[in-house]
Every structure is written in structure tokens, then in C-alpha cells.
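First the structure, in the form of C-alpha cells, and then the observations on it.
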Amino acid sequence: MLGRAAGAVLVGVQARLVDVEVHLGGGLPNISAVGLAHSSVREGIDRIRAALAQSGFKLPQRRVTVNLAPADVRKEGAALDLPIASAILAADGRLGSSPPRDIVLAGELALDGAVRPVRGVLAIALAARSAGRTGLVVPSANVAEARLVGGLCIWEAAHLADAVALLRNPKLVPEAMPPARTVETDDAAPAEDLADVRGQATARRALEVAAAGGHHILFSGPPGAGKTMLARRLAGIMPPLTHEEALEVTQIWSAAGMATGLLRRRPFRAPHHGVSLAGLTGGGISLRPGEIALAHGGVLYLDELSEFRRDALESLRQPLESGDVAVVRVHARAVFPARFLLAASMNPCPCGWHDDPRGRCRCTPNEVRRYASKLSGPLMDRIDLTVQVPAVDPADLTSSSIGESSEAVRHRVVVARERQIARFAGSGALTNARMTRADLEQHARLDEPARRLLILACKRLAVTARGFDRIRRTSRTIADLDASETIRERHVAEAVQYRPMPELHDR
């Protein structure tokens with residue numbers, strides 16, 4: 001006898017539908033799984049056996065062969081527990097004569113038959129809709145996430161018995177209709193306000209430019225100058241996520257097992273400098289998204305940039321340019337979206353007090369050069385804004401005046417972003433930072449004084465061709481904040497002052 005059910009597995013942040021076929025044959029009672037099943041799927045056989053017994057179903061005393069198709073896709077994870085159990089029951093005639101085949105099931109089974117939540121339900125729902133399936137059965141904890149995808153009937157299964165009742169007659173089981181919940185964690189929604197920052201007018205301005213145009217930014221200064229404080233307020237002045245962006249970000253967080261509903265605020269990720277290459281870019285046995293993918297649509301903050309591993313830092317070069325990262329393993333390949341805004345901070349020397357007027361630095365010139373050389377020229381060339389953050393004047397700390405709030409700055413940023421949305425309508429660029437060469441020629445034209453200043457500055461600062469284009473993009477953003485269609489000399493002058501010093505480019 002043959003039974004079928006539909007399930008799904010994750011490959012990166014995307015889901016692939018899996019046809020589960022079960023054959024009951026002669027021979028000694030046994031269960032085997034074929035079709036490139038990972039050990040996590042084979043281990044699920046023992047869970048399924050216990051769940052069936054605890055749910056009042058006897059396991060067929062026959063040779064049970066479970067086939068997972070397509071056979072060339074690696075199957076791993078516990079989400080196939082529920083469809084495998086359902087296919088076994090279908091083969092044994094427990095689901096009626098013709099159980100529905102256009103309903104996708106996903107869920108991990110506990111030994112008592114309870115259905116536990118799984119990661120990647122949003123991606124599974126999208127894959128089911130794309131394949132023309134009509135319904136999806138998910139654990140109770142994943143219902144809100146599944147409901148984010150329209151065009152599907154979503155059913156809740158708290159127990160294996162619930163799934164069996166549904167598959168016997170879907171018309172008798174009502175859909176689950178809870179309101180979508182918002183994911184609001186500390187990582188996803190920094191609560192700090194820019195008004196808390198005292199002094200640092202130049203750094204605050206650079207932060208606004210970075211948020212307005214999507215430009216990567218690096219703060220350099222002594223300990224206690226407020227570099228981290230500034231960076232943690234960057235996400236708060238960026239425009240809110242659109243619905244499409246929110247779905248894309250939530251899909252990534254869901255694949256990492258970190259979402260239960262729609263993520264509405266821009267992510268803020270701040271990995272420790274000891275993070276591994278796989279932890280940053282993604283990967284591992286199950287090809288999970290890393291920190292740069294989790295920061296998609298938001299901010300990736302790297303504190304103490306020069307202390308990160310060299311291979312981890314160099315891995316940022318591709319996503320900083322392309323907006324995604326490809327992770328290739330022997331058994332699979334995944335492409336993770338990674339359009340994040342990089343914010344980083346570092347000390348100017350090993351002790352942190354280089355150029356301090358009180359003479360506290362004891363580092364030799366060679367030590368300072370070696371410290372700076374930890375950051376390669378190609379990486380530095382991809383950072384649009386490099387800002388020196390000096391120590392805060394005690395007079396600013398004791399002043400009763402309060403700086404602009406994040407809300408006020410965000411208003412200007414939103415206006416500048418709206419100008420870019422109108423400008424790039426129908427184009428691949430989303431922000432000024434991602435303008436192509438054709439976009440630059442069309443939208444970033446300089447008047448004659450601005451052109452002469454840019455050429456002179458690039459010669460004196462030994463700016464590369466990539467750096468030349470990045471100055472033009474930054475100038476375009478500054479002009480947008482100034483509500484100017486033309487890039488003028490003052491806009492270029494401000495953009496040039498944010499470029500790193502020539503000695504860093506030479507590393």
C-alpha cells in the first residue's frame with residue numbers, strides 16, 4: 001500500500017517542497033528513510049513511532065519505506081516529522097480513501113504526539129503558495145507567522161490527532177485566524193534616542209548622512225568618546241520598514257528560528273569580535289543565516305573593528321558591494337540577502353589614545369601602523385564615511401542643552417529617502433549608496449566648481465576609482481538632505497572630508 005503527504009525543508013532562507021511517499025511491504029517490521037535523508041530526519045523515525053503509539057494509532061507491523069522526493073535535495077530538520085507520520089497513516093488506510101495532497105504539513109512531533117514549532121514557516125508558506133498548494137498545517141506557535149502569507153488556508157495542529165482529523169475532512173476544521181504579532185526584541189529595536197548624545201556635532205551629521213543614503217560608516221576615536229553610543233542610534237533614525245521589506249527580513253529571521261510574527265522594526269546586530277566566519281556570513285551543517293543576513297534591512301555594528309578576524313572582515317567585501325552573500329558547501333548552496341548598513345568603530349591605536357592632547361599614548365609609530373594595517377585597503381574603500389570622534393568636552397556633558405531627537409532627524413532622513421524612491425523608480429537602486437555607474441551619470445551630475453574640487457581632492461587623497469564613485473554617491477545624499485537637485489561645491493566638500501586618510505588606502 002502507498003501513502004503520500006507533502007512537507008518542506010529549508011535550504012538557506014528558501015524552502016523546498018518535499019513529496020513524502022510511504023510504502024508498506026512484506027518482511028520484518030522496520031522503518032527506513034531514503035531520498036538523501038539527513039540523520040536528523042532518520043532520528044525522527046523514533047519520535048514518530050512513539051507519537052503514533054501515544055496518539056492511539058498502531059504502527060503497521062510491516063516493512064515501512066519512506067521516500068523523500070526530490071532525491072537530489074538534502075533533507076534535514078524536524079519539520080518532516082508531521083508529514084512522514086501522516087503519510088504512514090495514509091498508507092495504512094487511517095485517513096480515508098483519498099487524503100488531500102495539496103495541503104503542506106510542517107511540524108516536529110514530541111513523544112506524546114504534541115506538535116512542536118519549527119523554523120522557517122514563513123518560507124514554507126511562500127513555497128506552498130508559489131507551488132499552487134491550497135493549505136498549510138503548522139504548529140500552534142507558528143500560526144501567526146504562517147498567516148503573514150495570503151492565499152493559503154492555514155490550519156493549526158497542536159497534536160498529531162488534530163492533523164489526522166483535518167486530513168480526514170478539511171471542510172470540518174476551521175482555519176486558524178490569530179492576529180499577526182510583532183517581533184520586538186532588543187536586537188531588532190534599539191530604544192536609544194539620539195538626544196542622549198552630547199556634543200559630537202560632526203559625528204551626528206555623518207550619522208544622518210549614512211541613514212539618508214544607506215552609506216557605510218566607520219567611527220574612529222579614543223575610548224569613551226561615544227562611538228558605540230552613536231552607532232546604536234543609527235537604526236532609530238532610519239525610515240521604517242515597508243511591508244515588503246518586513247516580509248523579507250522576517251523570512252530570514254524565521255529561517256534562523258528567531259521570528260514568531262512580522263518584524264516591523266529595522267534589525268540591529270552587534271556580533272562580538274570573536275565571531276567565526278560562519279557565524280558572520282552564515283553556513284554550518286544546516287546552512288543557517290549569519291549575522292550579516294540577520295542584519296538585512298537594518299544595521300550591522302562591528303565594535304572594535306580591527307580586533308575581528310581578518311578572514312571574517314574580508315568576507316564582508318562581497319555583500320557590501322552586491323547586497324547578498326553566497327555560502328557554498330559540498331551538499332548545498334545558499335544565497336542569503338545581506339543589504340545592511342555597516343556601522344563600525346575602532347580605536348586609533350592599540351592603547352586608544354593616539355593624538356590625545358594630554359600625551360597619554362605610549363604606542364610607537366610602528367605599532368600604530370601595524371594596528372591600522374589590520375584593515376585592508378579594499379575593505380576601507382567600501383566604507384563611505386570615516387569619522388574622527390574626539391573625546392567629549394566635559395562642558396558638553398554638564399550642559400543642560402539637549403541635542404536633536406531621533407524623531408526629528410528621522411523626519412529629514414525620510415524626506416531624503418522619498419526623493420531617492422522617486423528618482424530610482426523602476427531602477428535597481430534603492431538608495432544613493434547603491435547607484436550604478438549609469439545612475440551616477442544620470443542622477444549625480446556635478447556643477448563645474450564641484451567637479452574641479454572633486455578632481456583635486458581625489459588626487460591629493462589618492463582616491464581609487466571606486467572611492468571616486470562613492471564620493472559622488474555621498475555628495476548626492478548630502479544634496480538630497482539640502483533639497484538640491486544639483487550637486488554643488490559645498491556638497492562635495494562635505495563628502496570629501498568623510499573619506500579615510502591616504503595611509504589607510506595604501507594598506
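Labeling convention for the C-alpha cells: chains A, B, ... as they appear, residues from 1 per chain, ligands from 1 in order of appearance.
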Contacts of A:Ala433 at 6 Å or less, counting only C-alpha atoms, minus same-chain residues fewer than 5 places along, as a list in words?
Gly213, Gly214, His215 and Arg473 of chain A
Taking the DSSP assignment computed from this structure's backbone, write out as a PyMOL selection string all residues of stretch 110-267 of chain A that belong to strand (DSSP E or B).
chain A and resi 114-116+135-138+153-156+159+182+217-220+262
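Closest approach to A:Pro348 among A:Thr242, A:Ser130, A:Gln388, A:Thr202: A:Gln388, based on only C-alpha atoms.
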If we count only C-alpha atoms, what is near A:Ser406 at a cut-off of 8 Å, once residues fewer than 6 positions away on the same chain are taken out, given as an NGL selection string?
:A and (193-195 or 233 or 236-237)
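Among the candidates A:Val327, A:Leu302, A:Ala33, A:Leu385, the one nearest to A:Arg205 when counting only C-alpha atoms is A:Leu385.
Secondary structure from DSSP on the backbone puts helix (DSSP H, G or I) at the following positions of stretch 369-412 of chain A: Arg369, Arg370, Tyr371, Ala372, Gly377, Pro378, Leu379, Met380, Asp381, Pro394, Ala395, Asp396, Leu397, Thr398, Ser406, Glu407, Ala408, Val409, Arg410, His411 and Arg412 of chain A.
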Skip stretch 143-152 of chain A itself and residues of its chain fewer than 6 positions away, then list as a ChimeraX atom specification all residues within 6 Å of it, counting only C-alpha atoms.
/A:122,134-135,180,260-261
Write out as a list in words each polymer residue whose atoms come within 8 Å of A:Lys75, counting only C-alpha atoms; drop sequence neighbours fewer than 2 positions from it.
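Selected residues are Val9, Gly35, Leu36, Ala37, His38, Val41, Leu68, Val73 and Gly77 of chain A.
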Resulting file, chosen residues, C-alpha atoms, as a PDB file, in the first residue's frame:
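Result saved to result.pdb:
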ATOM      1  CA  VAL A   9      12.707  21.618   4.040  1.00  0.00           C
ATOM      2  CA  GLY A  35      15.936  10.160  -0.566  1.00  0.00           C
ATOM      3  CA  LEU A  36      19.068  11.848   0.842  1.00  0.00           C
ATOM      4  CA  ALA A  37      17.664  11.961   4.368  1.00  0.00           C
ATOM      5  CA  HIS A  38      19.948  13.574   6.944  1.00  0.00           C
ATOM      6  CA  VAL A  41      15.310  13.055   9.684  1.00  0.00           C
ATOM      7  CA  LEU A  68      11.560  11.784   0.246  1.00  0.00           C
ATOM      8  CA  VAL A  73      17.858  17.686  -2.296  1.00  0.00           C
ATOM      9  CA  GLY A  77      15.452  19.110  10.287  1.00  0.00           C
TER      10      GLY A  77
END
Within 10 Å of stretch 362-379 of chain A using only C-alpha atoms, minus same-chain residues under 5 positions, as a PyMOL selection string
chain A and resi 305-310+313-318+320+346-354+464+466-467+502-507
Which residues of stretch 158-262 of chain A sit at most 9 Å from stretch 412-421 of chain A, using only C-alpha atoms? Give each one's shortest atom pair and distance in Å (one decimal place), in chain and ascending residue order, as a Markdown table.
| residue | atom | partner | partner_atom | distance |
| --- | --- | --- | --- | --- |
| A:Glu208 | CA | A:Val413 | CA | 6.9 |
| A:Val209 | CA | A:Val413 | CA | 8.0 |
| A:Ala211 | CA | A:Val413 | CA | 6.6 |
| A:Ala212 | CA | A:Val413 | CA | 4.7 |
| A:Gly213 | CA | A:Arg417 | CA | 7.1 |
| A:Ile237 | CA | A:Val413 | CA | 7.2 |
| A:Met238 | CA | A:Val413 | CA | 6.7 |
| A:Pro239 | CA | A:Val414 | CA | 5.6 |
| A:Pro240 | CA | A:Val414 | CA | 8.8 |
Output the selection as a PDB file, in the first residue's frame - C-alpha atoms for each residue.
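Result file follows (result.pdb):
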ATOM      1  CA  GLU A 208      22.311  61.405   9.430  1.00  0.00           C
ATOM      2  CA  VAL A 209      24.024  61.238   6.027  1.00  0.00           C
ATOM      3  CA  ALA A 211      20.952  56.851   7.300  1.00  0.00           C
ATOM      4  CA  ALA A 212      19.671  59.054   4.477  1.00  0.00           C
ATOM      5  CA  GLY A 213      21.678  57.418   1.713  1.00  0.00           C
ATOM      6  CA  ILE A 237      16.821  57.343  12.575  1.00  0.00           C
ATOM      7  CA  MET A 238      16.331  55.119   9.527  1.00  0.00           C
ATOM      8  CA  PRO A 239      12.928  55.009   7.791  1.00  0.00           C
ATOM      9  CA  PRO A 240      10.539  52.288   8.986  1.00  0.00           C
TER      10      PRO A 240
END
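If you look at atom CA of A:Pro337 and atom CA of A:Arg119, they are 17.6 Å away from each other.
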Counting only C-alpha atoms, which of A:Leu2, A:Ala344, A:Leu17, A:Ala391 gets nearest to A:Pro357?
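Smallest distance to A:Pro357 is found for A:Ala391.
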